[in-house]
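Dumped start37.cif below, it's mmCIF, C-alpha atoms and all ligand atoms:
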data_query
loop_
_atom_site.label_atom_id
_atom_site.label_comp_id
_atom_site.auth_asym_id
_atom_site.auth_seq_id
_atom_site.Cartn_x
_atom_site.Cartn_y
_atom_site.Cartn_z
CA MET A 16 -177.33 47.87 58.45
CA THR A 17 -174.07 49.32 59.77
CA LEU A 18 -173.12 52.50 57.87
CA LEU A 19 -170.08 53.56 59.85
CA GLU A 20 -167.74 51.47 61.91
CA ILE A 21 -164.80 53.07 63.68
CA LYS A 22 -162.36 50.67 65.32
CA ASP A 23 -159.66 51.74 67.77
CA LEU A 24 -159.11 55.08 66.02
CA HIS A 25 -156.08 57.16 67.01
CA VAL A 26 -155.59 60.61 65.47
CA THR A 27 -152.45 62.62 66.24
CA TYR A 28 -151.79 66.14 64.96
CA ARG A 29 -148.27 67.39 64.46
CA ALA A 30 -148.38 70.87 65.99
CA ARG A 31 -145.33 73.13 66.40
CA GLY A 32 -142.97 70.20 66.26
CA THR A 33 -144.79 68.15 68.91
CA ASP A 34 -147.35 65.38 68.75
CA LEU A 35 -150.86 66.23 69.82
CA PRO A 36 -152.96 63.09 70.34
CA ALA A 37 -156.53 64.32 69.75
CA VAL A 38 -158.36 60.97 69.45
CA ARG A 39 -157.07 57.95 71.39
CA GLY A 40 -158.55 54.54 70.76
CA VAL A 41 -162.15 55.39 69.87
CA SER A 42 -164.51 52.71 68.57
CA LEU A 43 -168.14 53.27 67.60
CA THR A 44 -170.75 52.27 65.04
CA VAL A 45 -173.65 54.07 63.41
CA ALA A 46 -176.43 52.07 61.76
CA ALA A 47 -179.04 53.18 59.24
CA GLY A 48 -181.90 54.98 60.99
CA GLN A 49 -179.82 55.49 64.12
CA THR A 50 -178.62 58.67 65.82
CA VAL A 51 -175.34 58.42 67.69
CA GLY A 52 -174.25 61.41 69.73
CA ILE A 53 -170.81 62.56 70.83
CA ALA A 54 -170.62 64.71 73.95
CA GLY A 55 -167.76 66.35 75.76
CA GLU A 56 -166.09 69.64 76.58
CA SER A 57 -164.30 71.73 74.01
CA GLY A 58 -161.02 70.18 72.87
CA CYS A 59 -161.85 66.56 73.73
CA GLY A 60 -161.56 65.46 70.09
CA LYS A 61 -165.18 65.47 68.85
CA SER A 62 -164.57 67.43 65.64
CA THR A 63 -161.34 65.55 64.93
CA LEU A 64 -163.29 62.28 65.13
CA ALA A 65 -165.98 63.65 62.80
CA THR A 66 -163.61 65.04 60.18
CA SER A 67 -161.50 61.88 60.15
CA VAL A 68 -164.47 59.92 58.77
CA LEU A 69 -164.21 61.68 55.40
CA ARG A 70 -160.43 62.15 55.57
CA LEU A 71 -160.71 65.91 55.84
CA LEU A 72 -157.83 66.26 58.31
CA PRO A 73 -154.55 68.08 57.53
CA ALA A 74 -152.09 65.94 55.57
CA SER A 75 -149.56 65.89 58.43
CA THR A 76 -152.06 64.17 60.74
CA ARG A 77 -151.26 60.59 61.77
CA ILE A 78 -154.16 58.16 61.82
CA SER A 79 -154.28 54.54 62.92
CA GLY A 80 -157.15 52.15 63.45
CA GLU A 81 -159.99 51.54 61.03
CA ILE A 82 -162.79 53.67 59.61
CA LEU A 83 -165.25 51.64 57.57
CA LEU A 84 -167.86 53.52 55.61
CA GLY A 85 -170.46 51.15 54.19
CA GLY A 86 -167.91 48.40 54.93
CA GLU A 87 -165.17 50.12 52.89
CA ASP A 88 -161.90 51.19 54.48
CA VAL A 89 -161.71 55.00 54.23
CA GLN A 90 -157.92 55.09 54.76
CA GLY A 91 -157.37 52.82 51.78
CA MET A 92 -159.61 54.76 49.36
CA THR A 93 -158.10 56.43 46.31
CA PHE A 94 -158.85 60.17 45.96
CA GLY A 95 -161.30 59.34 43.17
CA ARG A 96 -163.16 56.91 45.39
CA LEU A 97 -163.06 59.36 48.29
CA ARG A 98 -164.56 62.07 46.10
CA ALA A 99 -167.35 59.70 45.13
CA VAL A 100 -168.03 58.81 48.75
CA ARG A 101 -168.07 62.40 50.03
CA TRP A 102 -171.58 63.85 49.77
CA GLN A 103 -173.04 60.54 48.58
CA GLY A 104 -171.90 57.97 51.15
CA ALA A 105 -171.59 60.53 53.91
CA SER A 106 -171.75 64.29 54.24
CA ILE A 107 -170.91 66.73 57.00
CA VAL A 108 -172.88 69.66 58.38
CA PHE A 109 -170.24 71.86 59.97
CA GLN A 110 -170.70 74.19 62.88
CA GLY A 111 -171.05 77.87 62.00
CA ALA A 112 -172.66 77.76 58.54
CA MET A 113 -171.41 81.25 57.64
CA HIS A 114 -167.77 80.14 57.76
CA ALA A 115 -168.40 76.88 55.94
CA MET A 116 -170.02 78.58 52.94
CA ASN A 117 -168.59 80.48 50.02
CA PRO A 118 -169.65 84.12 50.53
CA VAL A 119 -169.50 85.03 46.83
CA ARG A 120 -171.69 82.23 45.47
CA THR A 121 -175.44 81.97 45.85
CA VAL A 122 -176.70 79.26 48.13
CA GLY A 123 -178.40 77.61 45.13
CA GLN A 124 -175.07 77.38 43.30
CA GLN A 125 -173.48 75.88 46.39
CA ILE A 126 -176.16 73.22 46.72
CA ALA A 127 -176.06 72.50 42.97
CA GLU A 128 -172.28 71.98 42.91
CA PRO A 129 -172.11 68.54 44.57
CA ILE A 130 -175.11 67.41 42.51
CA MET A 131 -173.32 68.24 39.24
CA LEU A 132 -170.06 66.83 40.53
CA HIS A 133 -171.64 63.48 41.33
CA THR A 134 -174.03 63.27 38.42
CA PRO A 135 -172.30 64.89 35.42
CA ALA A 136 -175.34 64.12 33.24
CA VAL A 137 -177.36 66.62 35.31
CA ARG A 138 -177.33 70.04 33.63
CA ARG A 139 -176.85 73.27 35.58
CA ASP A 140 -180.50 74.40 35.34
CA GLU A 141 -181.68 70.98 36.49
CA ALA A 142 -179.24 71.03 39.44
CA LEU A 143 -180.48 74.51 40.43
CA ARG A 144 -184.10 73.32 40.23
CA ARG A 145 -183.10 70.43 42.50
CA ALA A 146 -181.45 72.98 44.85
CA SER A 147 -184.80 74.81 45.13
CA GLU A 148 -186.55 71.54 46.00
CA LEU A 149 -183.95 70.74 48.65
CA LEU A 150 -184.36 74.22 50.14
CA GLU A 151 -188.12 73.69 50.32
CA GLN A 152 -187.54 70.34 52.03
CA VAL A 153 -185.55 72.00 54.79
CA GLY A 154 -188.10 74.80 55.21
CA VAL A 155 -186.42 77.59 53.20
CA PRO A 156 -188.45 79.05 50.28
CA GLY A 157 -186.99 77.67 47.02
CA ALA A 158 -186.76 81.21 45.58
CA ARG A 159 -184.08 81.96 48.18
CA ARG A 160 -181.68 79.87 46.11
CA SER A 161 -180.45 83.07 44.48
CA ALA A 162 -179.56 84.62 47.85
CA TYR A 163 -175.98 84.92 49.07
CA PRO A 164 -175.18 83.47 52.50
CA HIS A 165 -175.04 86.90 54.19
CA GLU A 166 -178.59 87.62 52.99
CA LEU A 167 -180.02 84.76 55.06
CA SER A 168 -180.68 84.45 58.77
CA GLY A 169 -178.47 82.18 60.89
CA GLY A 170 -181.22 79.55 61.06
CA GLN A 171 -181.75 79.66 57.28
CA ARG A 172 -178.00 79.31 56.67
CA GLN A 173 -177.87 76.25 58.89
CA ARG A 174 -180.80 74.79 56.96
CA VAL A 175 -178.96 75.52 53.71
CA MET A 176 -176.01 73.55 55.12
CA ILE A 177 -178.36 70.65 55.75
CA ALA A 178 -179.80 70.98 52.21
CA MET A 179 -176.21 70.82 50.86
CA ALA A 180 -175.54 67.78 52.99
CA LEU A 181 -178.67 66.13 51.58
CA ALA A 182 -177.99 67.06 47.95
CA CYS A 183 -176.57 63.70 46.94
CA GLY A 184 -178.78 61.54 49.17
CA PRO A 185 -176.10 60.41 51.64
CA ASP A 186 -176.58 57.34 53.82
CA LEU A 187 -174.81 59.01 56.73
CA ILE A 188 -174.89 62.61 57.94
CA ILE A 189 -172.27 63.89 60.33
CA ALA A 190 -173.54 67.00 62.08
CA ASP A 191 -170.89 68.90 64.05
CA GLU A 192 -172.63 71.31 66.44
CA PRO A 193 -175.39 71.94 63.86
CA THR A 194 -177.37 74.20 66.18
CA THR A 195 -174.60 76.16 67.89
CA ALA A 196 -175.31 79.90 67.85
CA LEU A 197 -178.96 79.44 66.90
CA ASP A 198 -181.76 80.61 69.14
CA VAL A 199 -183.76 77.98 71.00
CA MET A 200 -186.73 77.94 68.60
CA VAL A 201 -184.57 77.59 65.49
CA GLN A 202 -182.43 75.02 67.28
CA ALA A 203 -185.53 72.91 67.90
CA GLN A 204 -186.60 73.24 64.25
CA VAL A 205 -183.19 72.18 62.92
CA MET A 206 -183.10 69.22 65.30
CA ALA A 207 -186.64 68.22 64.27
CA LEU A 208 -185.53 68.32 60.65
CA LEU A 209 -182.56 66.04 61.32
CA ALA A 210 -184.75 63.66 63.34
CA GLU A 211 -187.20 63.46 60.42
CA LEU A 212 -184.39 62.51 58.03
CA VAL A 213 -183.37 59.70 60.34
CA ARG A 214 -186.93 58.48 60.86
CA GLU A 215 -188.27 58.82 57.35
CA ARG A 216 -185.26 58.27 55.13
CA GLY A 217 -183.33 55.91 57.36
CA VAL A 218 -180.31 58.18 57.32
CA GLY A 219 -177.66 57.41 59.98
CA LEU A 220 -176.77 60.50 62.02
CA LEU A 221 -173.55 61.13 63.94
CA LEU A 222 -174.44 64.15 66.03
CA ILE A 223 -171.77 66.13 67.81
CA SER A 224 -172.87 68.58 70.44
CA HIS A 225 -171.76 70.05 73.72
CA ASP A 226 -175.48 70.47 74.54
CA LEU A 227 -176.49 67.41 76.53
CA SER A 228 -180.18 68.22 76.41
CA VAL A 229 -180.05 68.06 72.59
CA LEU A 230 -178.19 64.74 72.73
CA ALA A 231 -180.40 63.22 75.42
CA ALA A 232 -183.51 64.09 73.41
CA SER A 233 -182.34 62.89 70.01
CA CYS A 234 -179.80 60.08 70.32
CA ASP A 235 -180.25 56.33 70.44
CA THR A 236 -176.71 56.12 71.80
CA VAL A 237 -174.40 58.77 73.23
CA ALA A 238 -170.64 58.48 73.65
CA VAL A 239 -169.07 60.87 76.16
CA MET A 240 -165.51 61.82 75.21
CA TYR A 241 -162.78 63.10 77.49
CA ALA A 242 -159.20 63.82 76.43
CA GLY A 243 -159.64 61.93 73.16
CA ARG A 244 -161.24 58.85 74.71
CA ILE A 245 -164.77 57.56 75.08
CA VAL A 246 -165.31 57.36 78.84
CA GLU A 247 -168.96 56.34 78.83
CA THR A 248 -171.49 55.19 76.30
CA GLY A 249 -175.17 54.34 76.59
CA PRO A 250 -178.70 55.16 75.44
CA GLY A 251 -179.21 58.93 75.11
CA HIS A 252 -182.30 59.21 77.30
CA ARG A 253 -180.70 57.31 80.19
CA LEU A 254 -177.05 58.24 80.12
CA PHE A 255 -177.28 61.74 81.53
CA ALA A 256 -180.05 60.98 83.98
CA ASP A 257 -178.02 58.15 85.47
CA ALA A 258 -174.37 58.58 84.42
CA ALA A 259 -171.79 56.14 85.78
CA HIS A 260 -168.49 57.83 84.95
CA PRO A 261 -167.65 60.79 87.23
CA TYR A 262 -166.94 62.95 84.17
CA ALA A 263 -170.29 62.12 82.53
CA LYS A 264 -171.95 62.71 85.89
CA ALA A 265 -170.26 66.10 86.24
CA LEU A 266 -171.23 67.07 82.68
CA ALA A 267 -174.80 66.01 83.36
CA GLY A 268 -174.73 67.97 86.61
CA ALA A 269 -174.27 71.15 84.62
CA PHE A 270 -177.62 70.50 82.91
CA PRO A 271 -180.95 70.19 84.69
CA VAL A 272 -182.58 66.79 84.15
CA ILE A 273 -186.22 67.13 83.20
CA GLY A 274 -188.38 65.59 85.90
CA ASP A 275 -185.62 65.65 88.51
CA PRO A 276 -186.06 68.76 90.68
CA ALA A 277 -182.95 67.86 92.71
CA SER A 278 -180.69 68.16 89.67
CA ARG A 279 -182.06 71.63 89.02
CA LEU A 280 -181.52 72.77 92.56
CA ALA A 281 -178.06 71.36 93.05
CA PRO A 282 -176.03 71.49 89.86
CA ARG A 283 -172.62 69.96 90.43
CA GLY A 284 -169.99 72.07 88.75
CA LEU A 285 -166.86 70.74 87.12
CA PRO A 286 -163.82 72.66 88.32
CA GLY A 287 -160.68 72.93 86.22
CA ASP A 288 -160.06 72.39 82.54
CA PRO A 289 -159.47 69.33 80.38
CA PRO A 290 -155.76 68.44 80.08
CA ASP A 291 -153.56 69.74 77.29
CA PRO A 292 -153.38 66.75 74.89
CA ARG A 293 -149.58 67.25 74.75
CA GLU A 294 -149.31 66.78 78.50
CA LEU A 295 -151.81 64.10 79.36
CA PRO A 296 -151.68 62.83 82.94
CA GLY A 297 -150.91 59.16 83.54
CA GLY A 298 -153.68 56.71 84.43
CA CYS A 299 -157.24 57.88 83.94
CA PRO A 300 -157.00 61.26 82.15
CA PHE A 301 -159.84 62.62 84.30
CA HIS A 302 -158.27 61.76 87.67
CA PRO A 303 -156.80 65.24 88.43
CA ARG A 304 -160.33 66.72 88.28
CA CYS A 305 -162.19 63.76 89.70
CA ALA A 306 -163.83 64.20 93.11
CA VAL A 307 -163.82 60.44 93.76
CA ALA A 308 -160.36 59.54 92.38
CA LEU A 309 -158.42 56.76 94.16
CA PRO A 310 -154.61 56.47 94.25
CA GLU A 311 -154.72 53.80 91.51
CA CYS A 312 -156.52 56.22 89.15
CA ALA A 313 -153.19 58.05 88.68
CA THR A 314 -151.58 54.92 87.28
CA GLU A 315 -154.30 52.57 86.00
CA ASP A 316 -155.85 53.33 82.66
CA ILE A 317 -159.24 51.63 82.80
CA ALA A 318 -160.80 50.39 79.56
CA LEU A 319 -164.53 50.68 78.89
CA ARG A 320 -166.41 47.96 80.77
CA ALA A 321 -170.04 46.92 80.87
CA VAL A 322 -172.17 48.83 83.34
CA GLY A 323 -175.44 47.29 82.25
CA PRO A 324 -177.31 46.42 79.08
CA ASP A 325 -176.07 48.74 76.29
CA ARG A 326 -173.97 50.76 78.72
CA ARG A 327 -170.22 50.94 79.26
CA ALA A 328 -167.98 53.19 81.31
CA ALA A 329 -164.23 53.48 81.90
CA CYS A 330 -163.88 54.00 85.65
CA VAL A 331 -162.60 51.95 88.60
CA HIS A 332 -165.69 53.00 90.51
CA VAL A 333 -168.19 51.61 88.07
CA PRO A 334 -169.31 48.56 90.08
CA LEU A 335 -169.37 50.68 93.29
CA ILE A 336 -171.44 53.38 91.64
CA LEU A 337 -173.96 50.81 90.52
CA GLY A 338 -174.11 49.48 94.05
CA GLY A 339 -174.55 53.04 95.32
CA GLY A 340 -171.16 53.02 97.05
CA ALA A 341 -169.26 55.89 95.41
N1 LIG A 401 -155.60 71.19 62.71
C1 LIG A 401 -155.15 71.00 63.96
N2 LIG A 401 -153.84 71.03 64.23
C2 LIG A 401 -153.38 70.83 65.50
N3 LIG A 401 -154.16 70.59 66.55
C3 LIG A 401 -155.49 70.57 66.35
C4 LIG A 401 -156.06 70.78 65.05
N4 LIG A 401 -157.42 70.69 65.14
C5 LIG A 401 -157.68 70.45 66.45
N5 LIG A 401 -156.53 70.37 67.17
C6 LIG A 401 -156.39 70.07 68.60
O1 LIG A 401 -156.92 68.78 68.82
C7 LIG A 401 -157.62 68.71 70.05
C8 LIG A 401 -159.05 68.25 69.79
O2 LIG A 401 -159.71 69.27 69.05
P1 LIG A 401 -161.19 69.08 68.47
O3 LIG A 401 -161.53 70.31 67.67
O4 LIG A 401 -161.28 67.77 67.80
O5 LIG A 401 -162.07 69.04 69.82
P2 LIG A 401 -163.62 69.32 70.01
O6 LIG A 401 -164.04 68.44 71.11
O7 LIG A 401 -164.33 69.18 68.72
O8 LIG A 401 -163.64 70.83 70.48
P3 LIG A 401 -164.69 71.99 70.08
O9 LIG A 401 -165.98 71.60 70.72
O10 LIG A 401 -164.06 73.21 70.67
O11 LIG A 401 -164.73 72.01 68.57
C9 LIG A 401 -157.54 70.11 70.65
O12 LIG A 401 -156.46 70.12 71.58
C10 LIG A 401 -157.24 71.00 69.47
O13 LIG A 401 -156.51 72.16 69.87
#

Now that the file is in, can you turn its structure into structure tokens?
Ligand SMILES: Nc1ncnc2c1ncn2[C@@H]1O[C@H](COP(=O)(O)OP(=O)(O)OP(=O)(O)O)[C@@H](O)[C@H]1O
Amino acid sequence: MTLLEIKDLHVTYRARGTDLPAVRGVSLTVAAGQTVGIAGESGCGKSTLATSVLRLLPASTRISGEILLGGEDVQGMTFGRLRAVRWQGASIVFQGAMHAMNPVRTVGQQIAEPIMLHTPAVRRDEALRRASELLEQVGVPGARRSAYPHELSGGQRQRVMIAMALACGPDLIIADEPTTALDVMVQAQVMALLAELVRERGVGLLLISHDLSVLAASCDTVAVMYAGRIVETGPGHRLFADAAHPYAKALAGAFPVIGDPASRLAPRGLPGDPPDPRELPGGCPFHPRCAVALPECATEDIALRAVGPDRRAACVHVPLILGGGA
């Protein structure tokens, strides 16, 4: 069952009197029990894409295209309907739990709030009891519900964020860098917890991360974004071991591929920075940094095309790469 369908989404911020196109023509779907990852360098539009799903963007932002949540058009929802859908239809785990939480309310109160909001018949003590259960489910002792965010460790706070996201039993969870700033052990525990929710509850997970090893290990499908576009998409376990788009290849080159000693010995760096969205180059947005760019890359904007079963890439070289020519 498809939970989220994004079709040709464009998101443009209005910043200091100029247009800033952050997402440009992105389409993707997330089904129940599926994990879809979004990869890419900072500023390529990952968080904008995630926050647009629940209409959490600033009011001045221009959006076109379609976002269907459970088949319902998010842009056309009334505020009442949107409130009902947030937490229940889909919820977001933001990066940096400390900043996303209210410092003067206990974590139990913060988990209980959406429960009471969505089920007014549930009394406060019942919602707090439910908060304890949710904390236990994510591996935090239920008694910690009376702690304030600053009294918990970073890993516990991130788990509390996941407990909040689970409070109303959402079909879809959007996790934006859920393990950033956590140590490796805690990172693995948080990822295992999310994977369990997908496997055992059939939750759909849209997972945003700049950490390719996390994405490769957990995603059924990964979309690599560059300058607001998806430049390659394919199964998580294969995409980074065998990327077709030069940008995805370069990103993958920065990470060792397990079982491939060559990738560990010769990481290919990625010189330069992504373009300023206000001054995007013509043609393929990656061409100024691309080691294999051709003259036509400066003028031709290549759409995603099939590279193989379940795989697509937006590059003039794609057929050559497959043939080993580029
Ligand atoms: N509220 C905003 N107003 C104006 N511009 C914004 C706003 N939020 C983000 N941007 C710009 O939109 C572009 C995409 O940002 P976004 O945060 O979506 O990227 P990202 O890939 O999630 O990056 P990061 O990994 O650093 O969070 C960037 O150029 C950013 O500066």

re atom CA of Gly32 of chain A and atom CA of Gly243 of chain A: distance 19.8 Å

Each chain A residue no farther than 9 Å from ligand LIG 401 (chain A), nearest pair in Å, all atoms listed in the file, as JSON lines:
{"residue": "A:Val26", "atom": "CA", "partner": "A:LIG401", "partner_atom": "O1", "distance": 8.9}
{"residue": "A:Thr27", "atom": "CA", "partner": "A:LIG401", "partner_atom": "O1", "distance": 8.0}
{"residue": "A:Tyr28", "atom": "CA", "partner": "A:LIG401", "partner_atom": "C2", "distance": 5.0}
{"residue": "A:Arg29", "atom": "CA", "partner": "A:LIG401", "partner_atom": "C2", "distance": 6.2}
{"residue": "A:Ala30", "atom": "CA", "partner": "A:LIG401", "partner_atom": "C2", "distance": 5.0}
{"residue": "A:Arg31", "atom": "CA", "partner": "A:LIG401", "partner_atom": "C2", "distance": 8.4}
{"residue": "A:Asp34", "atom": "CA", "partner": "A:LIG401", "partner_atom": "C2", "distance": 8.8}
{"residue": "A:Leu35", "atom": "CA", "partner": "A:LIG401", "partner_atom": "N3", "distance": 6.4}
{"residue": "A:Pro36", "atom": "CA", "partner": "A:LIG401", "partner_atom": "O1", "distance": 7.1}
{"residue": "A:Ala37", "atom": "CA", "partner": "A:LIG401", "partner_atom": "C7", "distance": 4.5}
{"residue": "A:Val38", "atom": "CA", "partner": "A:LIG401", "partner_atom": "C8", "distance": 7.3}
{"residue": "A:Ile53", "atom": "CA", "partner": "A:LIG401", "partner_atom": "O6", "distance": 9.0}
{"residue": "A:Ala54", "atom": "CA", "partner": "A:LIG401", "partner_atom": "O6", "distance": 8.1}
{"residue": "A:Gly55", "atom": "CA", "partner": "A:LIG401", "partner_atom": "O6", "distance": 6.3}
{"residue": "A:Glu56", "atom": "CA", "partner": "A:LIG401", "partner_atom": "O6", "distance": 6.0}
{"residue": "A:Ser57", "atom": "CA", "partner": "A:LIG401", "partner_atom": "O10", "distance": 3.7}
{"residue": "A:Gly58", "atom": "CA", "partner": "A:LIG401", "partner_atom": "O5", "distance": 3.4}
{"residue": "A:Cys59", "atom": "CA", "partner": "A:LIG401", "partner_atom": "O6", "distance": 3.9}
{"residue": "A:Gly60", "atom": "CA", "partner": "A:LIG401", "partner_atom": "O4", "distance": 3.3}
{"residue": "A:Lys61", "atom": "CA", "partner": "A:LIG401", "partner_atom": "O7", "distance": 3.8}
{"residue": "A:Ser62", "atom": "CA", "partner": "A:LIG401", "partner_atom": "O7", "distance": 3.6}
{"residue": "A:Thr63", "atom": "CA", "partner": "A:LIG401", "partner_atom": "O4", "distance": 3.6}
{"residue": "A:Leu64", "atom": "CA", "partner": "A:LIG401", "partner_atom": "O4", "distance": 6.4}
{"residue": "A:Ala65", "atom": "CA", "partner": "A:LIG401", "partner_atom": "O4", "distance": 8.0}
{"residue": "A:Thr66", "atom": "CA", "partner": "A:LIG401", "partner_atom": "O4", "distance": 8.4}
{"residue": "A:Leu72", "atom": "CA", "partner": "A:LIG401", "partner_atom": "N1", "distance": 7.0}
{"residue": "A:Pro73", "atom": "CA", "partner": "A:LIG401", "partner_atom": "N1", "distance": 6.1}
{"residue": "A:Ser75", "atom": "CA", "partner": "A:LIG401", "partner_atom": "N2", "distance": 8.9}
{"residue": "A:Thr76", "atom": "CA", "partner": "A:LIG401", "partner_atom": "N2", "distance": 7.9}
{"residue": "A:Gln110", "atom": "CA", "partner": "A:LIG401", "partner_atom": "O11", "distance": 8.5}
{"residue": "A:Asp191", "atom": "CA", "partner": "A:LIG401", "partner_atom": "O7", "distance": 8.1}
{"residue": "A:Glu192", "atom": "CA", "partner": "A:LIG401", "partner_atom": "O9", "distance": 7.9}
{"residue": "A:Ile223", "atom": "CA", "partner": "A:LIG401", "partner_atom": "O7", "distance": 8.1}
{"residue": "A:Ser224", "atom": "CA", "partner": "A:LIG401", "partner_atom": "O9", "distance": 7.5}
{"residue": "A:His225", "atom": "CA", "partner": "A:LIG401", "partner_atom": "O9", "distance": 6.7}
{"residue": "A:Met240", "atom": "CA", "partner": "A:LIG401", "partner_atom": "O6", "distance": 7.9}
{"residue": "A:Tyr241", "atom": "CA", "partner": "A:LIG401", "partner_atom": "O6", "distance": 8.4}
{"residue": "A:Ala242", "atom": "CA", "partner": "A:LIG401", "partner_atom": "C8", "distance": 8.0}
{"residue": "A:Gly243", "atom": "CA", "partner": "A:LIG401", "partner_atom": "C8", "distance": 7.2}
{"residue": "A:Pro290", "atom": "CA", "partner": "A:LIG401", "partner_atom": "O12", "distance": 8.7}
{"residue": "A:Asp291", "atom": "CA", "partner": "A:LIG401", "partner_atom": "O12", "distance": 6.4}
{"residue": "A:Pro292", "atom": "CA", "partner": "A:LIG401", "partner_atom": "O12", "distance": 5.6}
{"residue": "A:Arg293", "atom": "CA", "partner": "A:LIG401", "partner_atom": "O12", "distance": 8.1}

Note to self: What's around Met116 of chain A at 10 Å? Count only C-alpha atoms, leave out sequence neighbours fewer than 3 positions away in its own chain, and write the answer as JSON, numbers by chain.
What the structure shows: {"A": [109, 111, 112, 113, 119, 120, 121, 122, 125, 163, 164, 165, 172, 175, 176]}

*asked:* Here is a test: counting all atoms listed in the file, which residue of A:Ala267, A:Met179, A:Ala136, A:Cys305 is nearest to Ala231 of chain A?
replied: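 Counting all atoms listed in the file, the residue closest to Ala231 of chain A is A:Ala267.
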
> Given the choices A:Cys330, A:Ala127, A:Leu132, A:Leu97, which gets closest to Arg144 of chain A if the distance is worked out from only C-alpha atoms?
Replying inline: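 For Arg144 of chain A, the nearest of the given residues is A:Ala127.
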
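Within the 9 Å cut-off around Val322 of chain A, using only C-alpha atoms and omitting residues fewer than 3 positions from it on the same chain, the listed residues are Ala259, Asp325, Arg326, Arg327, Ala328, Val333, Pro334 and Leu337 of chain A.
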
_Cut-off 10 Å around (-184.2, 68.9, 60.5) with only C-alpha atoms: residues as a PyMOL selection string_ = chain A and resi 152-154+173-174+177-178+193+202-213

Of A:Arg253, A:Val246, A:Pro286, A:Arg101, the one sitting nearest Asp316 of chain A when using only C-alpha atoms is A:Val246

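What separates atom CA of Leu18 of chain A from atom CA of Ala258 of chain A is a distance of 27.3 Å.
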
Query raised in the report: Can you tell me, as a ChimeraX atom specification, what residues are no more than 9 Å from Gly86 of chain A when counting only C-alpha atoms, ignoring any on the same chain fewer than 4 positions away?
Result: /A:17-20,82

Here atom CA of Pro296 of chain A and atom CA of Leu43 of chain A stand apart by 24.4 Å

Which neighbours of His302 of chain A fall inside 8 Å, counting all atoms listed in the file, when residues of the same chain fewer than 3 positions from it are skipped, and could you give them as an NGL selection string?
:A and (298-299 or 305 or 308 or 312-313)
